[in-house]
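What follows is a short report on a single structure.
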Protein chains: 4
Amino acid sequence: MIRIAVLGCGRIGAMHAANIAAHSRARLAAVQDINSAAAEAVAASTGARVMRTAADIFSSPDVDAVLIATATDTHADLLEQAVAAGKPVLCEKPIDLSLDRVNRCAVAIRGAATPIQLGFVRRFDPGHKAVRDAVSAREIGDLHQVAITSRAPGLAPEAYLKVSGGIFRDMTIHDFDMARFVLGEEPEVVFATALRLVAPALMEKLGEYDTVTAVLTTASGKQAVITNSREAVYGYDQRVEAFGSNGMAVSENRRPHEMQISGKGFSSHAAPLLNFFIERYQEAFDAEIDAFVEAVERQRPPVVGFEDGRRALALAEAALKSVAEGRAVKVSEVL
Amino acid sequence: MIRIAVLGCGRIGAMHAANIAAHSRARLAAVQDINSAAAEAVAASTGARVMRTAADIFSSPDVDAVLIATATDTHADLLEQAVAAGKPVLCEKPIDLSLDRVNRCAVAIRGAATPIQLGFVRRFDPGHKAVRDAVSAREIGDLHQVAITSRAPGLAPEAYLKVSGGIFRDMTIHDFDMARFVLGEEPEVVFATALRLVAPALMEKLGEYDTVTAVLTTASGKQAVITNSREAVYGYDQRVEAFGSNGMAVSENRRPHEMQISGKGFSSHAAPLLNFFIERYQEAFDAEIDAFVEAVERQRPPVVGFEDGRRALALAEAALKSVAEGRAVKVSEVL
Amino acid sequence: MIRIAVLGCGRIGAMHAANIAAHSRARLAAVQDINSAAAEAVAASTGARVMRTAADIFSSPDVDAVLIATATDTHADLLEQAVAAGKPVLCEKPIDLSLDRVNRCAVAIRGAATPIQLGFVRRFDPGHKAVRDAVSAREIGDLHQVAITSRAPGLAPEAYLKVSGGIFRDMTIHDFDMARFVLGEEPEVVFATALRLVAPALMEKLGEYDTVTAVLTTASGKQAVITNSREAVYGYDQRVEAFGSNGMAVSENRRPHEMQISGKGFSSHAAPLLNFFIERYQEAFDAEIDAFVEAVERQRPPVVGFEDGRRALALAEAALKSVAEGRAVKVSEVL
Amino acid sequence: MIRIAVLGCGRIGAMHAANIAAHSRARLAAVQDINSAAAEAVAASTGARVMRTAADIFSSPDVDAVLIATATDTHADLLEQAVAAGKPVLCEKPIDLSLDRVNRCAVAIRGAATPIQLGFVRRFDPGHKAVRDAVSAREIGDLHQVAITSRAPGLAPEAYLKVSGGIFRDMTIHDFDMARFVLGEEPEVVFATALRLVAPALMEKLGEYDTVTAVLTTASGKQAVITNSREAVYGYDQRVEAFGSNGMAVSENRRPHEMQISGKGFSSHAAPLLNFFIERYQEAFDAEIDAFVEAVERQRPPVVGFEDGRRALALAEAALKSVAEGRAVKVSEVL
């Protein structure tokens with residue numbers, strides 16, 4: 001049994017804690033949060049013990065590995081400490097909002113053999129993964145284009161938006177990773193546009209955007225097109241399409257059930273799309289923990305790691321630069 | 001916390017035990033099986049204690065309720081004992097293969113206030129339930145016809161078929177209950193046909209059928225049409241359709257993901273149907289436990305109870321009589 | 001060019017006339033109707049000439065073949081006259097509402113080499129035909145069950161219902177033919193139920209039914225289940241499903257376009273089902289004429305002929321007898 | 001009856017000629033082609049007369065309107081002549097491959113009241129039009145993003161590609177028009193990327209591209225994203241999606257029928273996508289003629305006219321410039 005401690009007991013940390021507790025080859029060794037009530041609540045429902053500080057966890061011989069689900073601005077520090085302590089780590093994305101900080105973190109952990117997994121959970125979604133698998137198995141021949149549609153079911157609160165790092169670093173970053181995952185090669189050029197359509201006044205005030213499109217091109221000429229919106233009233237819209245010389249693979253949206261109702265002049269799905277990421281990516285969150293447990297068991301690199309986090313952030317930086325300058329930007333300009 | 005003991009630790013019992021262990025308002029108090037190794041295995045993975053006999057469980061002050069997942073021929077006896085002991089019970093279907101025995105059981109438990117829930121799990125499926133809810137809410141107006149398609153993904157082993165009580169009592173019984181659930185009134189007449197198409201020689205040998213159709217009609221003239229097969233090579237086919245004066249509600253099949261792949265001359269779902277009942281009805285099994293916990297908490301009649309089990313079995317008896325005599329049979333002839 | 005005359009210029013006759021006029025290897029030679037204004041109207045829009053009587057048409061050397069789309073009670077007489085005149089004939093279904101009359105007609109035309117095609121248009125529907133083709137090509141292995149759902153978009157007027165011959169002879173007759181088409185062998189036993197749910201008072205008054213289910217079984221044990229309703233408010237519901245040892249083939253409903261719209265809490269097809277048979281079976285009506293032209297060109301038996309019409313009517317008779325007597329009826333009892 | 005003459009009897013001209021001949025309020029007055037055999041063939045199947053030259057048609061008192069389906073490099077000249085002759089004209093797209101020529105044409109016809117319709121047939125597709133109608137009716141609230149996927153079923157022959165004007169002017173031009181149609185306002189900025197993925201060597205040789213993405217932005221900040229490929233092996237892929245503050249409307253692909261077949265491990269549409277534009281846009285071609293007939297009848301501006309053709313070509317020019325310079329290009333730079 002791999003004994004895992006969870007740092008950060010907010011919504012995502014609590015979910016991960018429950019998933020770890022339910023995993024057949026893992027045990028939830030401990031939970032920690034600067035807000036001790038949050039940690040106590042998770043401990044109560046899972047039977048885990050509470051540790052007071054991250055340092056306690058890193059030094060504990062009863063902890064085999066850690067999951068970092070704290071506030072974003074603590075990720076890089078905790079990641080470095082975990083690696084220094086030799087604890088394998090599953091770190092929620094992003095590593096940091098600053099690419100500089102991430103690059104410094106990369107230097108700090110260079111050479112360490114400790115498994116580091118990044119929380120790009122969508123790679124583990126059965127449908128999206130089936131697209132990637134079809135591409136890898138060349139079921140659609142040579143890959144030409146990837147199209148990713150990702151729309152949140154509703155605008156996040158202003159307090160969150162202020163610290164989110166902006167739509168590219170906070171939301172599109174998942175799609176940048178998905179694009180890299182499906183493309184199977186590095187995007188070299190990014191062109192992006194960003195708009196204020198959902199909440200123009202608020203976005204203006206925050207210097208932010210709520211609607212973006214990014215076009216990525218790799219050295220060999222493959223493309224990925226990403227479209228994002230902060231608010232889709234019909235629900236959490238999550239689609240991935242791969243098009244190639246031999247066909248197309250599409251991961252469509254999911255609903256909680258497939259009841260359809262027809263009446264005079266209409267024919268509808270009775271259930272809206274699964275809402276929100278905890279529901280939509282439930283199997284993916286389970287599979288993510290499973291992959292981490294396996295990486296720790298075998299002491300081998302996770303399927304999605306630190307460099308994936310750094311690359312996705314670099315794409316976000318390139319996208320921001322592209323928006324600012326109205327031109328296609330090379331990733332090498334920012335990396 | 002409701003403390004529940006599970007009797008019978010075969011495939012279904014083990015699944016229920018895990019679901020109970022994971023429930024937020026229940027605890028898996030104990031497990032029991034005549035095969036003690038089976039009980040030990042479930043105990044090991046859930047942390048529950050093993051009790052040696054059913055009698056131990058019924059007399060234990062640490063057990064608030066029981067779930068009976070033992071062999072079919074023990075259900076009625078255990079049910080009577082549970083009720084005698086005042087333990088609320090969730091009993092797997094069928095109550096017994098003999099309607100006589102079920103009727104005697106009905107007499108034995110008459111007047112008891114103990115909640116008894118029958119394991120007609122499909123009532124808790126989100127899609128099927130949405131059909132029923134649409135009917136109840138009159139979203140499709142007056143109900144006219146119900147169509148239920150239920151096909152197993154593959155023929156069960158001969159050893160199982162021999163003791164199954166036959167397709168009507170073993171398989172169609174779920175659909176008889178679903179028909180009653182969606183119709184919202186009692187079928188009065190049954191017409192059924194039964195065929196040997198999947199495995200004619202084996203069925204001939206067993207005096208059994210593998211493919212059946214049953215048409216049920218209620219007093220007010222509503223209809224349900226059930227079609228069953230013991231083997232659908234494309235997977236576990238589970239559909240429910242309700243048609244009425246104002247529209248139609250259909251619960252369609254489910255897949256593990258919605259990846260679709262298109263190539264030269266084809267366009268396919270990459271994933272087959274969810275296979276088999278443990279996968280397909282996973283949410284339903286969870287909801288079934290939840291409903292039982294709630295019934296025990298509030299000491300009130302479960303949403304699906306003993307009489308539902310008796311009625312479904314009576315429909316199976318009527319169907320068998322209809323097949324034998326080539327005529328429409330009134331349920332009152334067998335009840 | 002095959003020169004075809006159309007007898008009967010009502011809605012269906014007018015449609016056939018237009019289709020013939022547009023066919024590349026046929027010419028609309030003449031049209032006729034007891035209501036001369038109806039004939040004139042069709043003549044005006046198609047450029048065909050009007051002939052005054054059926055006899056004129058049968059004796060005309062400028063007419064190679066005839067299409068009978070007159071009132072049902074004239075079909076058998078006109079058919080006999082056409083055959084006597086050596087004119088190949090495409091006759092709208094049913095041949096007659098009386099099986100006796102049809103049997104006498106069969107005697108009258110016995111031995112004639114004249115191609116006679118029956119207007120079971122649904123056999124030519126691309127989707128339904130694809131089901132039949134999949135069965136014939138053994139793509140689903142041994143056929144086990146056929147399920148046909150056929151519901152009209154709205155109750156026909158009382159005046160029509162009075163002379164329709166009843167739901168089995170008027171509406172289900174199409175499904176009896178479809179069942180025979182897909183089964184590929186003769187049903188030997190019919191069990192049917194009939195209800196008054198759409199318009200109970202009117203049906204009571206007419207001694208008629210509006211909702212029926214029929215189960216057909218062949219000698220080799222294959223089954224077809226037909227469900228009909230006189231009124232589906234969501235549109236003309238036309239589905240055919242074939243299930244076999246190796247899979248399932250389903251012909252689903254069709255819409256005029258595939259626009260789907262999603263909003264808060266819903267996701268709908270914007271277009272209702274194609275409504276009614278002239279729209280839904282447009283390609284089938286074209287293909288029916290094409291098949292007739294080909295049969296005439298090659299002087300060979302049409303793909304669907306007189307005996308198909310007689311058999312379908314016999315199934316309607318057997319169904320009526322089954323409803324009256326509450327038992328499974330052998331087709332040989334009525335044929 | 002509007003008497004229409006067709007100039008150009010190639011594949012598209014022949015199709016239009018047949019559609020005009022079948023229209024209830026139009027007559028195919030004459031056909032013409034520099035290849036007289038082509039004109040004769042169309043005349044033979046439609047009953048129209050052949051006229052020798054375009055000039056004969058423009059001067060004929062028996063011709064109310066003309067349809068130009070000749071080679072692209074003759075469109076502008078013929079259009080000017082038609083307008084000079086006062087003949088309403090339906091001109092196939094593009095007006096010309098040169099924006100300069102189109103601008104000169106615009107000057108030449110300035111002030112003429114003659115109805116000029118441009119052959120952007122997809123505006124008449126029931127599904128795509130339903131998307132536009134939903135946008136216009138504000139069923140999806142404020143429009144935010146439009147996504148258009150348009151992929152040809154197979155690479156056109158080299159001979160055609162050489163004179164096509166390139167993918168932006170030949171293929172994407174339809175999507176530029178669709179984007180304008182759905183957006184309901186003018187794109188002001190174009191960013192495009194173009195790749196050689198389908199046939200790299202041939203594209204290199206021709207100085208051409210086979211795979212493109214274009215992102216259009218309007219003054220008010222709405223976006224359209226277009227993705228094109230010269231070859232989709234699974235068929236002619238034609239989808240339009242509009243996303244807004246209140247929902248999403250999507251026009252999905254169409255198939256000739258809706259038969260679905262399931263077997264061990266698969267579940268497929270039996271029919272591929274409708275292939276190619278003549279099949280896929282059959283209803284649209286009919287509706288296009290109908291709209292033209294109506295415009296001529298009422299002597300009013302067609303729903304899609306000359307300026308639409310000029311704007312779409314300007315977007316193609318802007319896209320080419322964007323590809324060449326790797327930056328977002330304002331449409332005003334080329335218009």
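Chain lettering (A, B, ...) mirrors the order of the structure tokens, residue numbering begins at 1 for each chain separately, and ligand numbering begins at 1 in order of display.
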
Listing only residues of chain B within 8 Å of chain A, what is the closest atom pair and its distance in Å (to one decimal) for each, using only C-alpha atoms, sorted by chain and residue number ascending, as CSV?
residue,atom,partner,partner_atom,distance
B:Ala22,CA,A:Ala22,CA,7.9
B:Ser24,CA,A:Ser45,CA,7.9
B:Ser45,CA,A:Ser24,CA,7.9
B:Pro126,CA,A:His257,CA,6.0
B:Gly127,CA,A:His257,CA,5.0
B:His128,CA,A:Met259,CA,7.4
B:Ala130,CA,A:Met259,CA,6.6
B:Val131,CA,A:Met259,CA,6.9
B:Ile140,CA,A:Gly263,CA,7.2
B:Asn246,CA,A:Gly263,CA,6.0
B:Gly247,CA,A:Gly263,CA,4.3
B:Met248,CA,A:Ser262,CA,5.2
B:Ala249,CA,A:Ile261,CA,4.3
B:Val250,CA,A:Gln260,CA,5.2
B:Ser251,CA,A:Met259,CA,4.2
B:Glu252,CA,A:Glu258,CA,5.3
B:Asn253,CA,A:Glu258,CA,6.9
B:Arg254,CA,A:Glu258,CA,6.9
B:Pro256,CA,A:Pro126,CA,7.5
B:His257,CA,A:Gly127,CA,5.0
B:Glu258,CA,A:Glu252,CA,5.3
B:Met259,CA,A:Ser251,CA,4.2
B:Gln260,CA,A:Val250,CA,5.2
B:Ile261,CA,A:Ala249,CA,4.3
B:Ser262,CA,A:Met248,CA,5.2
B:Gly263,CA,A:Gly247,CA,4.3
B:Lys264,CA,A:Gly247,CA,6.9
B:Ala270,CA,A:Ala130,CA,7.9

Expected answer as a ChimeraX atom specification: alpha helix (DSSP H) residues in region 229-297 of chain D: /D:277-280,282-297

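Going from CA of Ile109 (chain A) over to CA of Phe306 (chain A), you cover 9.7 Å.
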
DSSP-assigned strand (DSSP E or B) members of region 50-269 of chain D, reported as number ranges by chain: D: 50, 65-68, 89-91, 116-118, 143-151, 187-195, 211-218, 223-229, 237-244, 247-251, 259-263, 266-269

Neighbour list for region 172-182 of chain A as a PyMOL selection string, cut-off 10 Å, only C-alpha atoms, skip fewer than 4 positions in-chain: chain A and resi 93-94+119-123+128-129+131-136+143+145-151+166-168+186-187+212-214+216+218+223-229+238+240-242+304+308-316+319
